[in-house]
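Chemist: final_1.csv is reproduced in full below (CSV, C-alpha atoms).
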```csv
chain,number,residue,atom,x,y,z
A,1,MET,CA,139.5,159.8,83.5
A,2,ALA,CA,140.8,161.7,80.6
A,3,ASN,CA,140.6,160.5,77.0
A,4,ARG,CA,143.5,160.7,74.6
A,5,TYR,CA,143.1,162.7,71.5
A,6,GLU,CA,143.7,160.2,68.7
A,7,ARG,CA,144.9,161.2,65.3
A,8,LYS,CA,143.0,159.6,62.4
A,9,ARG,CA,145.7,160.0,59.8
A,10,GLY,CA,149.5,160.3,59.8
A,11,HIS,CA,152.2,158.9,62.0
A,12,LYS,CA,152.2,161.4,64.9
A,13,SER,CA,151.3,160.3,68.4
A,14,ALA,CA,148.3,161.5,70.4
A,15,VAL,CA,148.5,165.3,71.1
A,16,GLY,CA,147.2,165.4,74.6
A,17,PHE,CA,144.4,164.5,76.9
A,18,LYS,CA,140.7,165.5,76.6
A,19,PRO,CA,139.3,166.2,80.1
A,20,ASN,CA,136.0,164.7,81.1
A,21,THR,CA,133.5,167.5,81.8
A,22,ILE,CA,130.7,167.0,84.2
A,23,SER,CA,127.4,165.7,82.8
A,24,PHE,CA,123.9,165.7,84.3
A,25,SER,CA,121.4,162.9,84.7
A,26,TRP,CA,117.7,163.1,85.4
A,27,SER,CA,117.4,159.3,86.0
A,28,LYS,CA,117.2,159.6,89.8
A,29,LEU,CA,114.6,162.4,89.9
A,30,ASP,CA,112.2,161.8,92.7
A,31,ALA,CA,108.7,162.4,91.2
A,32,ASN,CA,107.0,162.3,94.6
A,33,GLN,CA,108.8,165.2,96.3
A,34,GLY,CA,109.7,168.8,95.3
A,35,GLN,CA,108.4,170.0,92.0
A,36,THR,CA,108.0,168.3,88.7
A,37,ILE,CA,109.7,169.2,85.4
A,38,ASP,CA,106.3,170.5,84.2
A,39,ASP,CA,106.0,172.7,87.4
A,40,TRP,CA,109.4,174.3,86.6
A,41,GLU,CA,108.5,174.8,83.0
A,42,THR,CA,105.2,176.6,84.1
A,43,ASP,CA,107.2,178.8,86.5
A,44,LYS,CA,109.8,179.6,83.8
A,45,LEU,CA,112.6,177.9,85.8
A,46,LEU,CA,113.4,175.1,83.5
A,47,SER,CA,115.1,177.3,80.9
A,48,LYS,CA,117.1,179.0,83.6
A,49,LEU,CA,118.2,175.6,84.9
A,50,ALA,CA,119.1,174.5,81.3
A,51,LYS,CA,121.3,177.6,80.9
A,52,ARG,CA,122.9,177.0,84.3
A,53,LEU,CA,123.7,173.3,83.5
A,54,GLN,CA,125.2,174.4,80.2
A,55,GLN,CA,127.5,176.8,82.1
A,56,ILE,CA,128.5,174.2,84.6
A,57,GLY,CA,128.9,171.5,81.9
A,58,GLN,CA,132.0,173.3,80.6
A,59,TYR,CA,134.0,172.2,83.7
A,60,GLU,CA,135.3,169.0,85.1
A,61,ALA,CA,133.4,167.8,88.2
A,62,SER,CA,136.4,168.7,90.5
A,63,GLU,CA,136.5,172.3,89.0
A,64,ALA,CA,132.8,172.8,89.3
A,65,LEU,CA,133.0,171.8,93.0
A,66,ALA,CA,136.1,174.0,93.6
A,67,LEU,CA,134.4,177.0,92.0
A,68,LEU,CA,131.3,176.3,94.1
A,69,LEU,CA,129.1,176.0,91.0
A,70,ILE,CA,128.1,172.8,92.7
A,71,LYS,CA,127.9,173.1,96.4
A,72,GLN,CA,128.6,169.8,98.1
A,73,TYR,CA,127.7,169.4,101.8
A,74,THR,CA,130.2,168.1,104.3
A,75,LYS,CA,127.6,166.2,106.4
A,76,ILE,CA,127.5,162.6,105.4
A,77,GLY,CA,124.0,161.3,104.6
A,78,PHE,CA,120.6,162.9,104.3
A,79,PRO,CA,120.1,166.2,106.1
A,80,ASP,CA,118.3,166.0,109.4
A,81,ASN,CA,116.4,169.3,108.9
A,82,SER,CA,115.3,168.6,105.3
A,83,GLY,CA,111.8,169.5,104.2
A,84,PHE,CA,112.0,166.3,102.1
A,85,SER,CA,112.0,162.6,103.1
A,86,GLU,CA,115.1,160.5,102.4
A,87,PRO,CA,114.5,158.8,99.0
A,88,LYS,CA,114.7,155.0,99.0
A,89,HIS,CA,116.2,154.8,95.4
A,90,VAL,CA,119.5,156.7,96.2
A,91,SER,CA,121.9,156.8,99.2
A,92,PRO,CA,124.8,159.1,98.3
A,93,ALA,CA,127.5,159.8,100.9
A,94,TYR,CA,127.4,163.5,100.1
A,95,TRP,CA,124.5,165.6,98.9
A,96,ALA,CA,125.0,168.7,96.8
A,97,VAL,CA,123.0,171.6,95.3
A,98,ILE,CA,123.1,173.7,92.2
A,99,HIS,CA,121.6,177.2,92.6
A,100,LEU,CA,119.9,178.6,89.5
A,101,THR,CA,121.9,181.9,90.1
A,102,GLN,CA,124.5,182.6,92.7
A,103,ASN,CA,122.7,182.2,96.1
A,104,SER,CA,119.2,181.9,94.6
A,105,LYS,CA,116.5,180.3,96.6
A,106,GLU,CA,115.8,177.9,93.8
A,107,VAL,CA,118.1,174.8,93.8
A,108,VAL,CA,118.5,171.4,92.3
A,109,ALA,CA,119.5,168.9,94.9
A,110,GLY,CA,121.4,165.7,94.1
A,111,TYR,CA,124.8,164.2,94.2
A,112,VAL,CA,128.0,163.8,92.2
A,113,GLU,CA,129.3,160.4,91.2
A,114,ASP,CA,131.8,159.5,88.5
A,115,ASP,CA,131.7,163.0,86.9
A,116,VAL,CA,127.9,162.9,86.8
A,117,PHE,CA,125.6,165.2,88.8
A,118,TYR,CA,122.4,163.1,89.5
A,119,ILE,CA,119.4,165.4,89.9
A,120,VAL,CA,117.1,164.0,92.7
A,121,PHE,CA,115.0,167.0,93.7
A,122,LEU,CA,113.7,170.2,92.0
A,123,ASP,CA,113.4,172.6,94.9
A,124,LYS,CA,112.2,176.1,94.2
A,125,GLU,CA,111.7,177.0,97.9
A,126,HIS,CA,115.1,175.6,99.1
A,127,GLN,CA,113.4,173.1,101.4
A,128,PHE,CA,116.0,170.3,100.8
A,129,TRP,CA,118.5,171.7,103.3
A,130,LYS,CA,116.7,174.3,105.4
A,131,THR,CA,119.1,176.9,106.8
A,132,ASP,CA,119.2,180.5,107.9
A,133,ILE,CA,121.3,183.1,106.0
A,134,GLN,CA,124.0,183.3,108.8
A,135,SER,CA,124.9,179.6,108.8
A,136,ARG,CA,124.3,179.1,105.1
A,137,CYS,CA,128.0,178.4,104.1
A,138,GLN,CA,129.0,176.4,107.2
A,139,ASN,CA,127.7,173.0,105.9
A,140,LYS,CA,129.4,173.1,102.5
A,141,ARG,CA,132.3,170.9,101.7
```
Would you mind giving the structure from this file in structure tokens?

Modeler:
Amino acid sequence: MANRYERKRGHKSAVGFKPNTISFSWSKLDANQGQTIDDWETDKLLSKLAKRLQQIGQYEASEALALLLIKQYTKIGFPDNSGFSEPKHVSPAYWAVIHLTQNSKEVVAGYVEDDVFYIVFLDKEHQFWKTDIQSRCQNKR
């Protein structure tokens, strides 16, 4: 939902709407699967992720999905061929990934809800949704 720009002084009305850009939450991170934040820091991936999230954070959630900056899968529920076990603390309808660079092996897996991308797995080997190169784009929403 967009917020109105409000004027603090004067008698003019609001000048427009301020779009809600996507934000990111670490509150759902699964500490028992994938890598830890410390692992990604050691492997020099955490700063790359921070830069990527900063880039994506300039967009509304719908824009980030449309531009495939966030790739949301069409299959409902947890992937059958995942290298991870379905976490008990979340149950999104659609899972999504963010690649560190376009088509990189390293991804962050999670889901989008109310303009927030919830990070659930740090996955430097792309084990969340195992796929071969030929069918890589067929499961994306």

Chemist: Can you tell me how far atom CA of Tyr59 of chain A sits from atom CA of Phe78 of chain A, in Å to one decimal?

Modeler: 26.3 Å

Chemist: What separation in Å, quoted to one decimal, exists between atom CA of Asp43 of chain A and atom CA of Pro92 of chain A?

Modeler: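 Straight-line distance from atom CA of Asp43 of chain A to atom CA of Pro92 of chain A works out to 28.9 Å.
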
Chemist: Take atom CA of Phe128 of chain A and atom CA of Gln72 of chain A and report the distance between them in Å, one decimal.

Modeler: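 Interatomic distance, atom CA of Phe128 of chain A to atom CA of Gln72 of chain A: 12.9 Å.
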
Chemist: Which residues are close to Val97 of chain A, i.e. within 7 Å by only C-alpha atoms, leaving aside same-chain residues fewer than 3 positions away? Reply as a list of chain:residue names.

Modeler: A:Ile70, A:Lys71, A:Gln72, A:Val107, A:Val108, A:Ala109, A:Gly110

Chemist: Pick out the closest residue to Asp114 of chain A from this set: A:Thr42, A:Leu29, A:Ser62, A:Arg52. Count all atoms listed in the file.

Modeler: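 With all atoms listed in the file as the atom set, the closest residue is A:Ser62.
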